[in-house]
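File shown: my_file37.cif. Contents: mmCIF, N, CA and C atoms.
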```
data_target
loop_
_atom_site.label_atom_id
_atom_site.label_comp_id
_atom_site.auth_asym_id
_atom_site.auth_seq_id
_atom_site.Cartn_x
_atom_site.Cartn_y
_atom_site.Cartn_z
N MET A 1 124.17 61.41 141.79
CA MET A 1 125.53 60.92 141.68
C MET A 1 125.73 60.12 140.40
N GLY A 2 124.75 59.31 140.01
CA GLY A 2 124.87 58.50 138.80
C GLY A 2 125.08 59.35 137.56
N THR A 3 124.31 60.44 137.44
CA THR A 3 124.44 61.32 136.28
C THR A 3 125.81 61.97 136.25
N GLU A 4 126.28 62.41 137.43
CA GLU A 4 127.60 63.04 137.52
C GLU A 4 128.69 62.06 137.10
N GLN A 5 128.57 60.80 137.53
CA GLN A 5 129.55 59.78 137.15
C GLN A 5 129.54 59.54 135.65
N ASN A 6 128.35 59.46 135.05
CA ASN A 6 128.25 59.26 133.61
C ASN A 6 128.88 60.41 132.84
N GLN A 7 128.63 61.65 133.32
CA GLN A 7 129.21 62.80 132.66
C GLN A 7 130.73 62.78 132.76
N LEU A 8 131.24 62.38 133.92
CA LEU A 8 132.69 62.30 134.11
C LEU A 8 133.28 61.24 133.19
N ARG A 9 132.64 60.06 133.13
CA ARG A 9 133.13 58.99 132.25
C ARG A 9 133.12 59.46 130.80
N TRP A 10 132.03 60.11 130.37
CA TRP A 10 131.94 60.58 128.99
C TRP A 10 133.06 61.57 128.69
N HIS A 11 133.27 62.50 129.61
CA HIS A 11 134.29 63.52 129.41
C HIS A 11 135.68 62.88 129.37
N MET A 12 135.95 61.95 130.26
CA MET A 12 137.26 61.31 130.30
C MET A 12 137.50 60.51 129.02
N GLY A 13 136.50 59.77 128.58
CA GLY A 13 136.64 58.99 127.36
C GLY A 13 136.87 59.88 126.16
N GLU A 14 136.12 60.97 126.11
CA GLU A 14 136.24 61.90 124.99
C GLU A 14 137.64 62.51 124.95
N THR A 15 138.15 62.89 126.10
CA THR A 15 139.46 63.51 126.17
C THR A 15 140.54 62.52 125.76
N SER A 16 140.49 61.30 126.31
CA SER A 16 141.54 60.35 125.99
C SER A 16 141.52 59.99 124.51
N PHE A 17 140.35 59.92 123.91
CA PHE A 17 140.26 59.63 122.48
C PHE A 17 140.89 60.76 121.69
N ALA A 18 140.60 61.99 122.05
CA ALA A 18 141.14 63.14 121.34
C ALA A 18 142.66 63.19 121.47
N VAL A 19 143.19 62.83 122.64
CA VAL A 19 144.62 62.85 122.85
C VAL A 19 145.30 61.79 122.01
N ARG A 20 144.67 60.62 121.83
CA ARG A 20 145.25 59.54 121.04
C ARG A 20 145.31 59.87 119.55
N ARG A 21 144.47 60.75 119.07
CA ARG A 21 144.42 61.07 117.65
C ARG A 21 145.67 61.87 117.27
N ALA A 22 146.50 61.29 116.42
CA ALA A 22 147.77 61.92 116.06
C ALA A 22 147.62 62.97 114.98
N ASN A 23 146.62 62.83 114.12
CA ASN A 23 146.43 63.75 113.01
C ASN A 23 145.04 64.36 113.09
N PRO A 24 144.94 65.68 112.88
CA PRO A 24 143.60 66.28 112.93
C PRO A 24 142.72 65.74 111.81
N ARG A 25 141.45 65.60 112.10
CA ARG A 25 140.49 65.19 111.06
C ARG A 25 139.53 66.34 110.85
N TYR A 26 139.02 66.41 109.65
CA TYR A 26 138.17 67.53 109.25
C TYR A 26 136.88 67.02 108.63
N ALA A 27 135.81 67.76 108.85
CA ALA A 27 134.57 67.47 108.16
C ALA A 27 134.84 67.71 106.67
N PHE A 28 134.50 66.73 105.85
CA PHE A 28 134.81 66.79 104.43
C PHE A 28 133.78 65.95 103.71
N PHE A 29 133.14 66.51 102.71
CA PHE A 29 132.09 65.79 102.00
C PHE A 29 132.48 65.60 100.55
N ALA A 30 132.58 64.32 100.17
CA ALA A 30 132.96 63.97 98.80
C ALA A 30 132.35 62.62 98.46
N GLU A 31 132.15 62.41 97.18
CA GLU A 31 131.68 61.11 96.71
C GLU A 31 132.85 60.15 96.72
N ALA A 32 132.56 58.87 96.93
CA ALA A 32 133.62 57.87 96.94
C ALA A 32 133.06 56.55 96.42
N GLU A 33 133.99 55.69 96.07
CA GLU A 33 133.63 54.33 95.69
C GLU A 33 134.69 53.42 96.29
N ALA A 34 134.24 52.44 97.05
CA ALA A 34 135.15 51.47 97.66
C ALA A 34 135.11 50.21 96.81
N THR A 35 136.25 49.81 96.29
CA THR A 35 136.33 48.59 95.50
C THR A 35 137.03 47.53 96.34
N LEU A 36 136.35 46.40 96.50
CA LEU A 36 136.89 45.30 97.29
C LEU A 36 137.80 44.44 96.42
N ARG A 37 138.55 43.56 97.03
CA ARG A 37 139.51 42.72 96.30
C ARG A 37 138.85 41.86 95.24
N ASP A 38 137.58 41.46 95.47
CA ASP A 38 136.89 40.62 94.48
C ASP A 38 136.30 41.43 93.34
N GLY A 39 136.53 42.76 93.34
CA GLY A 39 136.04 43.62 92.28
C GLY A 39 134.70 44.27 92.55
N THR A 40 134.06 43.89 93.64
CA THR A 40 132.78 44.50 94.02
C THR A 40 132.99 45.97 94.35
N SER A 41 132.13 46.83 93.81
CA SER A 41 132.19 48.27 94.09
C SER A 41 131.05 48.65 95.01
N VAL A 42 131.36 49.43 96.03
CA VAL A 42 130.37 49.91 96.99
C VAL A 42 130.37 51.43 96.95
N PRO A 43 129.25 52.06 96.51
CA PRO A 43 129.19 53.52 96.54
C PRO A 43 129.28 54.02 97.99
N ALA A 44 129.95 55.14 98.17
CA ALA A 44 130.15 55.68 99.52
C ALA A 44 130.21 57.19 99.47
N GLN A 45 130.14 57.78 100.65
CA GLN A 45 130.36 59.21 100.82
C GLN A 45 131.39 59.39 101.91
N VAL A 46 132.35 60.26 101.69
CA VAL A 46 133.34 60.60 102.71
C VAL A 46 132.75 61.73 103.53
N SER A 47 132.81 61.60 104.87
CA SER A 47 132.30 62.67 105.71
C SER A 47 133.38 63.29 106.60
N GLU A 48 134.53 62.61 106.73
CA GLU A 48 135.66 63.15 107.48
C GLU A 48 136.95 62.71 106.80
N LEU A 49 137.98 63.55 106.91
CA LEU A 49 139.25 63.27 106.24
C LEU A 49 140.41 63.67 107.14
N SER A 50 141.44 62.84 107.16
CA SER A 50 142.71 63.19 107.80
C SER A 50 143.82 62.70 106.89
N SER A 51 145.06 62.95 107.26
CA SER A 51 146.17 62.52 106.41
C SER A 51 146.39 61.01 106.50
N ARG A 52 145.80 60.37 107.49
CA ARG A 52 145.99 58.92 107.66
C ARG A 52 144.78 58.09 107.28
N GLY A 53 143.63 58.74 107.04
CA GLY A 53 142.45 57.96 106.70
C GLY A 53 141.22 58.83 106.56
N CYS A 54 140.07 58.16 106.51
CA CYS A 54 138.82 58.89 106.35
C CYS A 54 137.67 58.09 106.96
N TYR A 55 136.53 58.72 107.04
CA TYR A 55 135.32 58.07 107.52
C TYR A 55 134.34 58.08 106.36
N ILE A 56 133.81 56.89 106.03
CA ILE A 56 132.88 56.79 104.92
C ILE A 56 131.53 56.27 105.39
N ASP A 57 130.50 56.64 104.67
CA ASP A 57 129.15 56.14 104.90
C ASP A 57 128.72 55.37 103.67
N THR A 58 128.14 54.18 103.88
CA THR A 58 127.68 53.34 102.78
C THR A 58 126.33 52.73 103.12
N LEU A 59 125.68 52.17 102.12
CA LEU A 59 124.43 51.43 102.34
C LEU A 59 124.70 49.95 102.58
N GLU A 60 125.94 49.53 102.34
CA GLU A 60 126.34 48.14 102.56
C GLU A 60 127.48 48.12 103.58
N ALA A 61 127.39 47.21 104.52
CA ALA A 61 128.45 47.07 105.50
C ALA A 61 129.68 46.45 104.86
N ILE A 62 130.85 47.00 105.16
CA ILE A 62 132.12 46.41 104.73
C ILE A 62 132.79 45.95 106.02
N PRO A 63 133.03 44.65 106.16
CA PRO A 63 133.56 44.13 107.42
C PRO A 63 134.89 44.73 107.83
N ILE A 64 135.10 44.82 109.13
CA ILE A 64 136.36 45.30 109.69
C ILE A 64 137.48 44.40 109.19
N GLY A 65 138.59 45.01 108.80
CA GLY A 65 139.74 44.28 108.29
C GLY A 65 139.77 44.15 106.78
N THR A 66 138.66 44.51 106.13
CA THR A 66 138.59 44.39 104.67
C THR A 66 139.48 45.44 104.01
N GLU A 67 140.28 45.00 103.05
CA GLU A 67 141.11 45.91 102.27
C GLU A 67 140.27 46.45 101.12
N VAL A 68 140.37 47.76 100.89
CA VAL A 68 139.59 48.42 99.84
C VAL A 68 140.50 49.33 99.03
N ARG A 69 140.02 49.69 97.87
CA ARG A 69 140.65 50.74 97.06
C ARG A 69 139.60 51.83 96.98
N LEU A 70 139.91 52.99 97.55
CA LEU A 70 138.95 54.10 97.59
C LEU A 70 139.24 55.08 96.47
N ARG A 71 138.22 55.39 95.73
CA ARG A 71 138.30 56.48 94.75
C ARG A 71 137.45 57.60 95.34
N ILE A 72 138.09 58.73 95.63
CA ILE A 72 137.44 59.87 96.27
C ILE A 72 137.43 61.04 95.30
N SER A 73 136.26 61.70 95.17
CA SER A 73 136.17 62.85 94.27
C SER A 73 135.28 63.92 94.89
N ASP A 74 135.77 65.15 94.89
CA ASP A 74 134.97 66.27 95.38
C ASP A 74 134.34 67.05 94.23
N GLY A 75 134.42 66.50 93.01
CA GLY A 75 133.87 67.17 91.84
C GLY A 75 134.90 67.98 91.10
N ILE A 76 136.02 68.29 91.75
CA ILE A 76 137.10 69.05 91.12
C ILE A 76 138.36 68.20 91.04
N GLN A 77 138.73 67.64 92.18
CA GLN A 77 139.90 66.77 92.26
C GLN A 77 139.46 65.37 92.64
N SER A 78 140.31 64.41 92.32
CA SER A 78 140.03 63.05 92.75
C SER A 78 141.33 62.33 93.03
N CYS A 79 141.23 61.24 93.76
CA CYS A 79 142.39 60.40 94.04
C CYS A 79 141.92 58.97 94.25
N GLU A 80 142.86 58.07 94.16
CA GLU A 80 142.58 56.66 94.39
C GLU A 80 143.62 56.15 95.37
N VAL A 81 143.16 55.62 96.50
CA VAL A 81 144.08 55.21 97.56
C VAL A 81 143.69 53.84 98.11
N PRO A 82 144.70 53.06 98.52
CA PRO A 82 144.40 51.79 99.19
C PRO A 82 144.05 52.08 100.65
N GLY A 83 143.25 51.22 101.22
CA GLY A 83 142.89 51.39 102.62
C GLY A 83 142.38 50.10 103.23
N ARG A 84 142.11 50.17 104.53
CA ARG A 84 141.59 49.02 105.26
C ARG A 84 140.57 49.53 106.27
N VAL A 85 139.42 48.87 106.34
CA VAL A 85 138.38 49.24 107.30
C VAL A 85 138.86 48.85 108.70
N ILE A 86 138.90 49.83 109.62
CA ILE A 86 139.39 49.55 110.96
C ILE A 86 138.30 49.58 112.03
N TYR A 87 137.17 50.20 111.73
CA TYR A 87 136.02 50.11 112.63
C TYR A 87 134.76 50.41 111.85
N MET A 88 133.62 50.00 112.42
CA MET A 88 132.36 50.19 111.73
C MET A 88 131.27 50.53 112.75
N HIS A 89 130.41 51.45 112.37
CA HIS A 89 129.21 51.77 113.15
C HIS A 89 128.02 51.28 112.36
N SER A 90 127.10 50.60 113.04
CA SER A 90 125.92 50.10 112.34
C SER A 90 124.98 51.25 112.03
N GLY A 91 124.04 50.99 111.17
CA GLY A 91 123.09 52.02 110.77
C GLY A 91 121.96 52.22 111.75
N TYR A 92 121.96 51.46 112.86
CA TYR A 92 120.92 51.59 113.87
C TYR A 92 119.53 51.51 113.25
N GLY A 93 119.37 50.58 112.30
CA GLY A 93 118.08 50.38 111.67
C GLY A 93 117.77 51.32 110.53
N MET A 94 118.67 52.24 110.23
CA MET A 94 118.41 53.22 109.17
C MET A 94 119.04 52.80 107.84
N GLY A 95 119.80 51.70 107.83
CA GLY A 95 120.37 51.20 106.59
C GLY A 95 121.63 51.89 106.12
N ILE A 96 122.24 52.71 106.96
CA ILE A 96 123.49 53.38 106.59
C ILE A 96 124.57 52.91 107.56
N PHE A 97 125.72 52.56 107.02
CA PHE A 97 126.83 52.10 107.84
C PHE A 97 127.97 53.10 107.73
N GLY A 98 128.61 53.40 108.85
CA GLY A 98 129.76 54.29 108.87
C GLY A 98 131.00 53.49 109.17
N MET A 99 132.08 53.78 108.45
CA MET A 99 133.32 53.03 108.63
C MET A 99 134.53 53.93 108.64
N GLY A 100 135.44 53.63 109.54
CA GLY A 100 136.73 54.29 109.56
C GLY A 100 137.68 53.51 108.67
N VAL A 101 138.33 54.20 107.76
CA VAL A 101 139.27 53.56 106.83
C VAL A 101 140.64 54.20 107.02
N VAL A 102 141.64 53.37 107.29
CA VAL A 102 143.01 53.86 107.39
C VAL A 102 143.65 53.66 106.02
N PHE A 103 144.36 54.69 105.55
CA PHE A 103 145.01 54.61 104.25
C PHE A 103 146.22 53.68 104.32
N GLY A 104 146.49 53.01 103.20
CA GLY A 104 147.70 52.19 103.06
C GLY A 104 148.79 53.06 102.46
N ASN A 105 149.68 52.46 101.70
CA ASN A 105 150.75 53.20 101.03
C ASN A 105 150.16 53.96 99.84
N VAL A 106 150.09 55.26 100.00
CA VAL A 106 149.49 56.11 98.97
C VAL A 106 150.58 56.65 98.06
N ALA A 107 150.39 56.49 96.76
CA ALA A 107 151.34 57.04 95.79
C ALA A 107 151.38 58.56 95.92
N ALA A 108 152.56 59.13 95.73
CA ALA A 108 152.75 60.58 95.90
C ALA A 108 151.77 61.39 95.06
N GLU A 109 151.54 61.00 93.81
CA GLU A 109 150.63 61.78 92.96
C GLU A 109 149.19 61.71 93.46
N GLN A 110 148.82 60.60 94.10
CA GLN A 110 147.47 60.47 94.65
C GLN A 110 147.35 61.27 95.96
N PHE A 111 148.43 61.32 96.71
CA PHE A 111 148.40 62.03 97.99
C PHE A 111 148.33 63.54 97.79
N GLY A 112 148.67 64.01 96.59
CA GLY A 112 148.60 65.45 96.31
C GLY A 112 147.19 66.00 96.50
N ALA A 113 146.18 65.27 96.03
CA ALA A 113 144.79 65.72 96.20
C ALA A 113 144.42 65.76 97.68
N ILE A 114 144.80 64.72 98.42
CA ILE A 114 144.49 64.68 99.86
C ILE A 114 145.15 65.85 100.57
N ASN A 115 146.41 66.11 100.27
CA ASN A 115 147.11 67.24 100.90
C ASN A 115 146.44 68.57 100.56
N GLN A 116 146.01 68.74 99.33
CA GLN A 116 145.34 69.97 98.93
C GLN A 116 144.03 70.14 99.70
N TRP A 117 143.24 69.07 99.78
CA TRP A 117 141.99 69.14 100.54
C TRP A 117 142.27 69.48 102.00
N LEU A 118 143.29 68.85 102.60
CA LEU A 118 143.60 69.11 104.00
C LEU A 118 144.08 70.55 104.22
N ARG A 119 144.87 71.08 103.29
CA ARG A 119 145.30 72.49 103.42
C ARG A 119 144.09 73.42 103.38
N ASP A 120 143.18 73.17 102.42
CA ASP A 120 141.98 74.00 102.32
C ASP A 120 141.13 73.90 103.57
N LEU A 121 140.97 72.68 104.08
CA LEU A 121 140.15 72.48 105.27
C LEU A 121 140.78 73.11 106.50
N ALA A 122 142.09 73.02 106.63
CA ALA A 122 142.78 73.61 107.78
C ALA A 122 142.61 75.12 107.80
N MET A 123 142.60 75.74 106.60
CA MET A 123 142.40 77.18 106.54
C MET A 123 140.99 77.56 106.97
N ARG A 124 140.03 76.67 106.76
CA ARG A 124 138.64 76.94 107.16
C ARG A 124 138.37 76.54 108.60
N LYS A 125 139.30 75.76 109.18
CA LYS A 125 139.19 75.31 110.58
C LYS A 125 137.87 74.59 110.84
N THR A 126 137.64 73.51 110.10
CA THR A 126 136.40 72.75 110.24
C THR A 126 136.67 71.42 110.95
N VAL A 127 137.44 71.46 112.04
CA VAL A 127 137.73 70.24 112.78
C VAL A 127 136.48 69.83 113.56
N PRO A 128 135.95 68.61 113.32
CA PRO A 128 134.78 68.18 114.08
C PRO A 128 135.17 67.85 115.52
N PRO A 129 134.22 67.89 116.43
CA PRO A 129 134.54 67.54 117.81
C PRO A 129 134.88 66.05 117.90
N PRO A 130 135.74 65.66 118.85
CA PRO A 130 136.06 64.24 119.00
C PRO A 130 134.82 63.46 119.40
N CYS A 131 134.75 62.22 118.95
CA CYS A 131 133.59 61.40 119.36
C CYS A 131 134.03 60.14 120.01
#
```
Show the structure stored in the file as structure tokens.
Amino acid sequence: MGTEQNQLRWHMGETSFAVRRANPRYAFFAEAEATLRDGTSVPAQVSELSSRGCYIDTLEAIPIGTEVRLRISDGIQSCEVPGRVIYMHSGYGMGIFGMGVVFGNVAAEQFGAINQWLRDLAMRKTVPPPC
């Protein structure tokens, strides 16, 4: 019974999280740099992208609530967008931190690259499973 209950809880949590997500997110790999307000730059990698934000991996933790300026580049296109860290996963002893970043007010010319990446990703249908 315990295992069945855990599976039900996992499934229910997974479903409700997926339902709450307003914009599809896609697996997306690009280099990034997060610049903090004090000018500190933190190298990062983007691993997921949506129209409202992205998920980055870094070797340094950036606290929840921190405002950043993200420069994202896939080697062909790049953009620079404001954002704020809204959640963080610890590296579980491996020294890598994962963070969800919600985009702020993105200038139209910067959002062009994000829209292009999302169009390309949607055509490939690389939506990761909800977590």
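Matched in the shown structure by the PyMOL selection byres (((chain A and resi 48-53 and name CA) around 7) and name CA): Asn23, Pro24, Arg25, Tyr26, Ala27, Phe28, Val46, Ser47, Cys54, Tyr55, Val101, Val102 and Phe103 of chain A.
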message = I'd like to know which of A:Thr40, A:Thr58, A:Gln116, A:Thr35 is closest to Met99 in chain A, using all atoms listed in the file.
response =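 Of all the options, A:Thr58 lies closest to Met99 in chain A.
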query = What separation in Å, quoted to one decimal, exists between CA of His89 in chain A and CA of Gln110 in chain A?
reply =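 Spanning CA of His89 in chain A to CA of Gln110 in chain A is a straight-line distance of 27.4 Å.
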task = Have a look at CA of Gln45 in chain A and atom N of Asn115 in chain A and let me know their distance in Å, one decimal.
result =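 Between CA of Gln45 in chain A and atom N of Asn115 in chain A the gap works out to 17.5 Å.
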ask   = Written as a ChimeraX atom specification, what is the full residue list that the PyMOL selection byres (((chain A and resi 85 and name CA) around 7) and name CA) yields on the file shown?
value = /A:64-67,83-84,86-87,99-102
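In this structure, atom N of Arg37 in chain A sits 5.7 Å away from CA of Val68 in chain A.
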Applying 8 Å and all atoms listed in the file, which residues near range 32-34 of chain A remain after dropping the ones on its own chain fewer than 2 positions away? List them as a PDB file with N, CA and C atoms, in the frame of the given file.
```
ATOM      1  N   PHE A  29     133.140  66.510 102.710  1.00  0.00           N
ATOM      2  CA  PHE A  29     132.090  65.790 102.000  1.00  0.00           C
ATOM      3  C   PHE A  29     132.480  65.600 100.550  1.00  0.00           C
ATOM      4  N   ALA A  30     132.580  64.320 100.170  1.00  0.00           N
ATOM      5  CA  ALA A  30     132.960  63.970  98.800  1.00  0.00           C
ATOM      6  C   ALA A  30     132.350  62.620  98.460  1.00  0.00           C
ATOM      7  N   LEU A  36     136.350  46.400  96.500  1.00  0.00           N
ATOM      8  CA  LEU A  36     136.890  45.300  97.290  1.00  0.00           C
ATOM      9  C   LEU A  36     137.800  44.440  96.420  1.00  0.00           C
ATOM     10  N   ARG A  37     138.550  43.560  97.030  1.00  0.00           N
ATOM     11  CA  ARG A  37     139.510  42.720  96.300  1.00  0.00           C
ATOM     12  C   ARG A  37     138.850  41.860  95.240  1.00  0.00           C
ATOM     13  N   GLY A  39     136.530  42.760  93.340  1.00  0.00           N
ATOM     14  CA  GLY A  39     136.040  43.620  92.280  1.00  0.00           C
ATOM     15  C   GLY A  39     134.700  44.270  92.550  1.00  0.00           C
ATOM     16  N   THR A  40     134.060  43.890  93.640  1.00  0.00           N
ATOM     17  CA  THR A  40     132.780  44.500  94.020  1.00  0.00           C
ATOM     18  C   THR A  40     132.990  45.970  94.350  1.00  0.00           C
ATOM     19  N   SER A  41     132.130  46.830  93.810  1.00  0.00           N
ATOM     20  CA  SER A  41     132.190  48.270  94.090  1.00  0.00           C
ATOM     21  C   SER A  41     131.050  48.650  95.010  1.00  0.00           C
ATOM     22  N   VAL A  42     131.360  49.430  96.030  1.00  0.00           N
ATOM     23  CA  VAL A  42     130.370  49.910  96.990  1.00  0.00           C
ATOM     24  C   VAL A  42     130.370  51.430  96.950  1.00  0.00           C
ATOM     25  N   PRO A  43     129.250  52.060  96.510  1.00  0.00           N
ATOM     26  CA  PRO A  43     129.190  53.520  96.540  1.00  0.00           C
ATOM     27  C   PRO A  43     129.280  54.020  97.990  1.00  0.00           C
ATOM     28  N   ALA A  44     129.950  55.140  98.170  1.00  0.00           N
ATOM     29  CA  ALA A  44     130.150  55.680  99.520  1.00  0.00           C
ATOM     30  C   ALA A  44     130.210  57.190  99.470  1.00  0.00           C
ATOM     31  N   GLN A  45     130.140  57.780 100.650  1.00  0.00           N
ATOM     32  CA  GLN A  45     130.360  59.210 100.820  1.00  0.00           C
ATOM     33  C   GLN A  45     131.390  59.390 101.910  1.00  0.00           C
ATOM     34  N   VAL A  46     132.350  60.260 101.690  1.00  0.00           N
ATOM     35  CA  VAL A  46     133.340  60.600 102.710  1.00  0.00           C
ATOM     36  C   VAL A  46     132.750  61.730 103.530  1.00  0.00           C
ATOM     37  N   GLU A  67     140.280  45.000 103.050  1.00  0.00           N
ATOM     38  CA  GLU A  67     141.110  45.910 102.270  1.00  0.00           C
ATOM     39  C   GLU A  67     140.270  46.450 101.120  1.00  0.00           C
ATOM     40  N   VAL A  68     140.370  47.760 100.890  1.00  0.00           N
ATOM     41  CA  VAL A  68     139.590  48.420  99.840  1.00  0.00           C
ATOM     42  C   VAL A  68     140.500  49.330  99.030  1.00  0.00           C
ATOM     43  N   ARG A  69     140.020  49.690  97.870  1.00  0.00           N
ATOM     44  CA  ARG A  69     140.650  50.740  97.060  1.00  0.00           C
ATOM     45  C   ARG A  69     139.600  51.830  96.980  1.00  0.00           C
ATOM     46  N   LEU A  70     139.910  52.990  97.550  1.00  0.00           N
ATOM     47  CA  LEU A  70     138.950  54.100  97.590  1.00  0.00           C
ATOM     48  C   LEU A  70     139.240  55.080  96.470  1.00  0.00           C
ATOM     49  N   ARG A  71     138.220  55.390  95.730  1.00  0.00           N
ATOM     50  CA  ARG A  71     138.300  56.480  94.750  1.00  0.00           C
ATOM     51  C   ARG A  71     137.450  57.600  95.340  1.00  0.00           C
ATOM     52  N   ILE A  72     138.090  58.730  95.630  1.00  0.00           N
ATOM     53  CA  ILE A  72     137.440  59.870  96.270  1.00  0.00           C
ATOM     54  C   ILE A  72     137.430  61.040  95.300  1.00  0.00           C
ATOM     55  N   SER A  73     136.260  61.700  95.170  1.00  0.00           N
ATOM     56  CA  SER A  73     136.170  62.850  94.270  1.00  0.00           C
ATOM     57  C   SER A  73     135.280  63.920  94.890  1.00  0.00           C
ATOM     58  N   ASP A  74     135.770  65.150  94.890  1.00  0.00           N
ATOM     59  CA  ASP A  74     134.970  66.270  95.380  1.00  0.00           C
ATOM     60  C   ASP A  74     134.340  67.050  94.230  1.00  0.00           C
TER      61      ASP A  74
END
```
message = Let me make sure I understand: among A:Met88, A:Cys79, A:Ile62, A:Met94, which one has the smallest atom-to-atom distance to Gly112 in chain A if we use all atoms listed in the file?
response = A:Cys79
